[in-house]
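Trainee: Just coords_37.csv, nothing more (CSV, C-alpha atoms):
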chain,number,residue,atom,x,y,z
K,1,LYS,CA,4.0,33.4,15.6
K,2,ALA,CA,3.4,32.1,12.1
K,3,GLY,CA,0.7,29.4,11.7
K,4,VAL,CA,0.8,26.2,9.8
K,5,THR,CA,1.7,27.0,6.2
K,6,GLN,CA,0.5,24.8,3.3
K,7,THR,CA,1.5,25.2,-0.3
K,8,PRO,CA,0.2,25.5,-2.8
K,9,ARG,CA,-3.3,26.7,-1.9
K,10,TYR,CA,-4.9,25.5,-5.1
K,11,LEU,CA,-3.9,22.8,-7.5
K,12,ILE,CA,-5.5,21.3,-10.6
K,13,LYS,CA,-4.1,18.0,-11.9
K,14,THR,CA,-5.1,15.5,-14.5
K,15,ARG,CA,-6.1,11.9,-13.8
K,16,GLY,CA,-3.0,9.7,-13.7
K,17,GLN,CA,-0.6,12.4,-12.7
K,18,GLN,CA,1.0,12.6,-9.3
K,19,VAL,CA,1.1,15.5,-6.9
K,20,THR,CA,3.2,16.7,-3.9
K,21,LEU,CA,1.7,18.9,-1.2
K,22,SER,CA,3.9,20.7,1.3
K,23,CYS,CA,3.3,21.7,5.0
K,24,SER,CA,5.4,23.8,7.3
K,25,PRO,CA,4.3,23.4,10.9
K,26,ILE,CA,4.4,26.1,13.5
K,27,SER,CA,8.0,26.7,14.6
K,28,GLY,CA,9.0,24.2,17.3
K,29,HIS,CA,6.1,21.8,16.5
K,30,ARG,CA,7.4,18.3,15.9
K,31,SER,CA,4.1,16.4,15.2
K,32,VAL,CA,2.5,16.8,11.8
K,33,SER,CA,-0.8,15.2,10.7
K,34,TRP,CA,-2.6,15.1,7.4
K,35,TYR,CA,-6.4,15.0,6.8
K,36,GLN,CA,-8.5,14.8,3.7
K,37,GLN,CA,-11.7,16.8,3.8
K,38,THR,CA,-14.5,16.1,1.3
K,39,PRO,CA,-18.2,17.1,1.5
K,40,GLY,CA,-19.3,13.4,1.5
K,41,GLN,CA,-16.7,11.9,3.9
K,42,GLY,CA,-15.8,14.9,6.1
K,43,LEU,CA,-12.4,14.9,7.7
K,44,GLN,CA,-10.5,11.6,7.2
K,45,PHE,CA,-7.1,10.9,8.8
K,46,LEU,CA,-4.3,10.2,6.4
K,47,PHE,CA,-1.1,9.9,8.5
K,48,GLU,CA,0.8,11.4,11.4
K,49,TYR,CA,4.5,12.0,11.7
K,50,PHE,CA,6.7,12.7,14.7
K,51,SER,CA,10.4,13.3,14.5
K,52,GLU,CA,10.5,11.9,10.9
K,53,THR,CA,8.7,8.7,11.9
K,54,GLN,CA,5.2,7.8,10.7
K,55,ARG,CA,3.3,6.7,13.8
K,56,ASN,CA,-0.1,6.0,12.3
K,57,LYS,CA,-1.7,5.7,8.9
K,58,GLY,CA,-5.3,5.9,7.9
K,59,ASN,CA,-7.3,3.7,5.6
K,60,PHE,CA,-6.1,5.1,2.3
K,61,PRO,CA,-4.6,3.2,-0.6
K,62,GLY,CA,-0.8,3.0,-1.0
K,63,ARG,CA,-1.0,5.8,-3.6
K,64,PHE,CA,-1.1,8.2,-0.7
K,65,SER,CA,2.3,8.6,1.0
K,66,GLY,CA,4.1,11.1,3.1
K,67,ARG,CA,7.3,12.0,4.8
K,68,GLN,CA,8.7,14.4,7.4
K,69,PHE,CA,12.0,16.1,7.3
K,70,SER,CA,14.4,16.8,10.1
K,71,ASN,CA,13.2,20.4,10.3
K,72,SER,CA,9.6,19.0,10.9
K,73,ARG,CA,8.4,20.1,7.5
K,74,SER,CA,6.2,17.5,5.8
K,75,GLU,CA,5.1,16.5,2.4
K,76,MET,CA,2.4,14.2,1.1
K,77,ASN,CA,2.4,12.6,-2.3
K,78,VAL,CA,-0.5,11.2,-4.2
K,79,SER,CA,0.4,9.1,-7.3
K,80,THR,CA,-1.8,8.1,-10.2
K,81,LEU,CA,-4.5,10.6,-9.3
K,82,GLU,CA,-8.1,9.7,-9.5
K,83,LEU,CA,-11.2,11.9,-9.8
K,84,GLY,CA,-12.1,10.9,-6.3
K,85,ASP,CA,-8.9,12.4,-4.9
K,86,SER,CA,-10.3,15.9,-5.4
K,87,ALA,CA,-10.5,17.3,-1.9
K,88,LEU,CA,-9.1,19.8,0.6
K,89,TYR,CA,-6.0,18.4,2.1
K,90,LEU,CA,-5.3,19.7,5.6
K,91,CYS,CA,-2.1,19.7,7.5
K,92,ALA,CA,-2.1,20.1,11.3
K,93,SER,CA,0.7,20.4,13.8
K,94,SER,CA,1.2,20.0,17.5
K,95,ALA,CA,4.2,20.7,19.7
K,96,ASN,CA,5.1,17.3,21.2
K,97,SER,CA,4.2,13.7,21.1
K,98,ASP,CA,0.8,14.0,22.9
K,99,THR,CA,0.2,17.7,22.9
K,100,TYR,CA,-2.7,17.2,20.4
K,101,ARG,CA,-4.6,15.5,23.3
K,102,ASN,CA,-4.2,18.5,25.6
K,103,TYR,CA,-4.0,21.6,23.4
K,104,GLY,CA,-5.4,20.2,20.1
K,105,TYR,CA,-4.0,20.5,16.7
K,106,THR,CA,-3.4,23.7,14.8
K,107,PHE,CA,-4.6,23.3,11.2
K,108,GLY,CA,-3.4,25.1,8.1
K,109,SER,CA,-5.8,26.5,5.6
K,110,GLY,CA,-5.3,23.5,3.3
K,111,THR,CA,-4.5,22.7,-0.3
K,112,ARG,CA,-7.5,22.5,-2.6
K,113,LEU,CA,-6.7,19.7,-5.1
K,114,THR,CA,-8.9,19.3,-8.1
K,115,VAL,CA,-8.4,16.3,-10.4
K,116,VAL,CA,-9.9,16.6,-13.9
V,1,GLN,CA,-16.9,1.3,16.2
V,2,GLN,CA,-14.5,4.0,15.1
V,3,GLN,CA,-17.3,6.4,14.0
V,4,VAL,CA,-18.4,9.5,15.6
V,5,LYS,CA,-22.0,10.4,14.6
V,6,GLN,CA,-22.9,14.1,14.6
V,7,SER,CA,-26.3,15.8,14.4
V,8,PRO,CA,-27.8,17.9,13.1
V,9,GLN,CA,-26.2,18.3,9.7
V,10,SER,CA,-27.4,21.9,9.5
V,11,LEU,CA,-28.8,24.3,12.0
V,12,ILE,CA,-30.4,27.7,11.8
V,13,VAL,CA,-30.7,29.8,14.9
V,14,GLN,CA,-31.9,33.3,15.7
V,15,LYS,CA,-29.4,35.8,17.1
V,16,GLY,CA,-29.3,35.4,20.9
V,17,GLY,CA,-30.6,31.8,20.8
V,18,ILE,CA,-28.9,28.6,21.9
V,19,SER,CA,-27.3,26.3,19.3
V,20,ILE,CA,-27.0,22.7,20.3
V,21,ILE,CA,-24.9,20.0,18.4
V,22,ILE,CA,-24.8,16.4,19.6
V,23,CYS,CA,-22.2,13.7,18.9
V,24,ALA,CA,-22.3,10.0,19.8
V,25,TYR,CA,-19.6,7.5,19.8
V,26,GLU,CA,-19.2,3.7,20.3
V,27,ASN,CA,-15.5,3.2,21.1
V,28,THR,CA,-15.2,3.4,24.9
V,29,ALA,CA,-11.4,3.8,24.6
V,30,PHE,CA,-11.9,7.4,23.3
V,31,ASP,CA,-10.8,9.7,26.0
V,32,TYR,CA,-10.4,13.1,24.5
V,33,PHE,CA,-13.2,15.0,22.8
V,34,PRO,CA,-12.4,18.3,21.0
V,35,TRP,CA,-14.7,20.6,19.1
V,36,TYR,CA,-13.4,22.4,16.0
V,37,GLN,CA,-14.9,25.5,14.3
V,38,GLN,CA,-14.2,26.0,10.6
V,39,PHE,CA,-14.9,29.1,8.5
V,40,PRO,CA,-15.0,29.0,4.7
V,41,GLY,CA,-11.6,28.9,3.2
V,42,LYS,CA,-9.9,28.2,6.5
V,43,GLY,CA,-8.7,25.2,8.4
V,44,PRO,CA,-10.6,24.0,11.5
V,45,ALA,CA,-9.7,25.8,14.7
V,46,LEU,CA,-9.9,24.3,18.2
V,47,LEU,CA,-12.9,25.7,20.1
V,48,ILE,CA,-13.1,23.7,23.3
V,49,ALA,CA,-12.2,20.1,24.5
V,50,ILE,CA,-13.2,17.8,27.3
V,51,ARG,CA,-12.1,14.5,28.9
V,52,PRO,CA,-14.5,11.8,30.2
V,53,ASP,CA,-13.7,12.5,33.9
V,54,VAL,CA,-15.5,15.9,33.5
V,55,SER,CA,-19.3,16.2,32.8
V,56,GLU,CA,-19.2,19.8,31.7
V,57,LYS,CA,-16.7,22.4,30.6
V,58,LYS,CA,-17.5,26.0,29.8
V,59,GLU,CA,-15.4,28.6,28.0
V,60,GLY,CA,-17.2,31.9,27.5
V,61,ARG,CA,-20.4,31.2,25.5
V,62,PHE,CA,-19.3,27.7,24.6
V,63,THR,CA,-20.1,24.7,26.8
V,64,ILE,CA,-19.4,21.0,26.3
V,65,SER,CA,-21.6,18.5,28.1
V,66,PHE,CA,-20.4,15.0,28.4
V,67,ASN,CA,-22.6,11.9,29.2
V,68,LYS,CA,-20.3,8.9,29.6
V,69,SER,CA,-23.1,6.4,30.1
V,70,ALA,CA,-24.9,7.4,27.0
V,71,LYS,CA,-21.6,7.8,25.1
V,72,GLN,CA,-22.6,11.3,23.9
V,73,PHE,CA,-21.2,14.7,24.1
V,74,SER,CA,-22.7,18.0,23.0
V,75,LEU,CA,-21.7,21.6,22.2
V,76,HIS,CA,-23.9,24.4,23.4
V,77,ILE,CA,-23.5,27.9,22.1
V,78,MET,CA,-25.2,30.4,24.2
V,79,ASP,CA,-26.4,33.8,23.0
V,80,SER,CA,-25.5,32.7,19.4
V,81,GLN,CA,-24.2,35.5,17.2
V,82,PRO,CA,-24.0,35.9,13.4
V,83,GLY,CA,-20.2,35.6,13.7
V,84,ASP,CA,-20.7,32.1,15.0
V,85,SER,CA,-22.0,31.0,11.6
V,86,ALA,CA,-19.5,28.3,10.6
V,87,THR,CA,-19.2,24.6,10.4
V,88,TYR,CA,-18.6,22.7,13.6
V,89,PHE,CA,-16.9,19.4,13.9
V,90,CYS,CA,-16.8,17.1,17.0
V,91,ALA,CA,-13.9,14.7,17.2
V,92,ALA,CA,-12.7,11.9,19.4
V,93,SER,CA,-9.2,10.5,20.1
V,94,GLU,CA,-7.8,7.4,21.7
V,95,SER,CA,-4.5,7.5,23.5
V,96,GLY,CA,-1.6,6.1,21.4
V,97,THR,CA,-3.4,6.5,18.0
V,98,TYR,CA,-2.1,10.0,17.2
V,99,LYS,CA,-5.3,10.8,15.3
V,100,TYR,CA,-8.8,12.3,15.6
V,101,ILE,CA,-12.0,10.6,14.4
V,102,PHE,CA,-14.1,13.5,13.3
V,103,GLY,CA,-17.9,13.8,13.1
V,104,THR,CA,-19.4,14.8,9.7
V,105,GLY,CA,-19.9,18.4,10.7
V,106,THR,CA,-22.8,20.8,11.4
V,107,ARG,CA,-23.3,23.9,9.4
V,108,LEU,CA,-24.6,26.6,11.7
V,109,LYS,CA,-26.2,29.7,10.5
V,110,VAL,CA,-27.1,32.4,13.0
V,111,LEU,CA,-29.7,34.9,11.7
V,112,ALA,CA,-29.2,38.6,12.6
Would you mind giving the structure from this file in structure tokens?
Mentor:
Amino acid sequence: KAGVTQTPRYLIKTRGQQVTLSCSPISGHRSVSWYQQTPGQGLQFLFEYFSETQRNKGNFPGRFSGRQFSNSRSEMNVSTLELGDSALYLCASSANSDTYRNYGYTFGSGTRLTVV
Amino acid sequence: QQQVKQSPQSLIVQKGGISIIICAYENTAFDYFPWYQQFPGKGPALLIAIRPDVSEKKEGRFTISFNKSAKQFSLHIMDSQPGDSATYFCAASESGTYKYIFGTGTRLKVLA
């Protein structure tokens, strides 16, 4: 069974640009979450989607947005990139609405974004 | 109130020793506490999880101890092995929020 796939693995962008990251969850998983990981802040929740609906959003500026498609694949977008957006962006999936509270999330290996 | 405080930040243990990582929380609405293990270049992977109605849960060499009154939970790695060298994150979740609050992580190194 394929795991959570995130593309691209590495990305270098310039300040002011925008970026789109992609996540394909495990087949059959309908919940997708995004986390930002940095050395200083650790893992910070960005947003969670279930059946194309955003159910929760973390404390990030409006420059961070996401969406989920009918096949459960998800994308997140960051506009007007800042140096502080440099981080590892992790996508995680779980099967159903509350499976993450019984069987945990399955994380992808992340997209390493560097803003220069 | 949403924070989960994790300690120590780093830990060095001899092979065969016991590794202990402690997390503390304030939000009494948290009711699911997973631990994740992360190797360099990989995403976190679920190790073991516990709910507040259980004081201890063991899976192989990994044990979670939960102290509801102290609002603390800990991960014990028995007979630590060099292959256990990784970063460990505790987390907490509240029903209906669809998210985890993660601790800041503990970098464990097990010396051969």
Trainee: With all atoms listed in the file as the atoms that count, which of K:Thr7, K:Gln41, K:Val32, K:Tyr49 lies nearest to K:Ala92?
Mentor: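 Nearest to K:Ala92: K:Val32.
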Trainee: Can you work out which one of K:Tyr10, K:Asn96, K:Thr20, K:Gln44 has the shortest atom-to-atom distance to K:Leu81, counting only C-alpha atoms?
Mentor: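 Ranked by minimum distance to K:Leu81, first place goes to K:Thr20.
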Trainee: Give me the residues within 9 Å of K:Thr80 as a count of residues only, counting only C-alpha atoms and dropping any in the same chain fewer than 4 places off.
Mentor: 6
Trainee: Identify all chain V residues at most 9 Å from chain K by counting all atoms listed in the file; ligands do not count. Present them as a count of residues only.
Mentor: 25
Trainee: Around the point (-21.5, 6.1, 10.7), in the coordinates given by the file, pick out the residues reaching within 10 Å, counting all atoms listed in the file, and return them as a count of residues only.
Mentor: 10
Trainee: Any idea what the distance is between atom CA of K:Leu83 and atom CA of K:Arg67?
Mentor: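 Taking atom CA of K:Leu83 and atom CA of K:Arg67, their separation equals 23.6 Å.
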Trainee: Mind pulling up the distance from atom CA of V:Thr106 to atom CA of V:Pro82?
Mentor: 15.3 Å
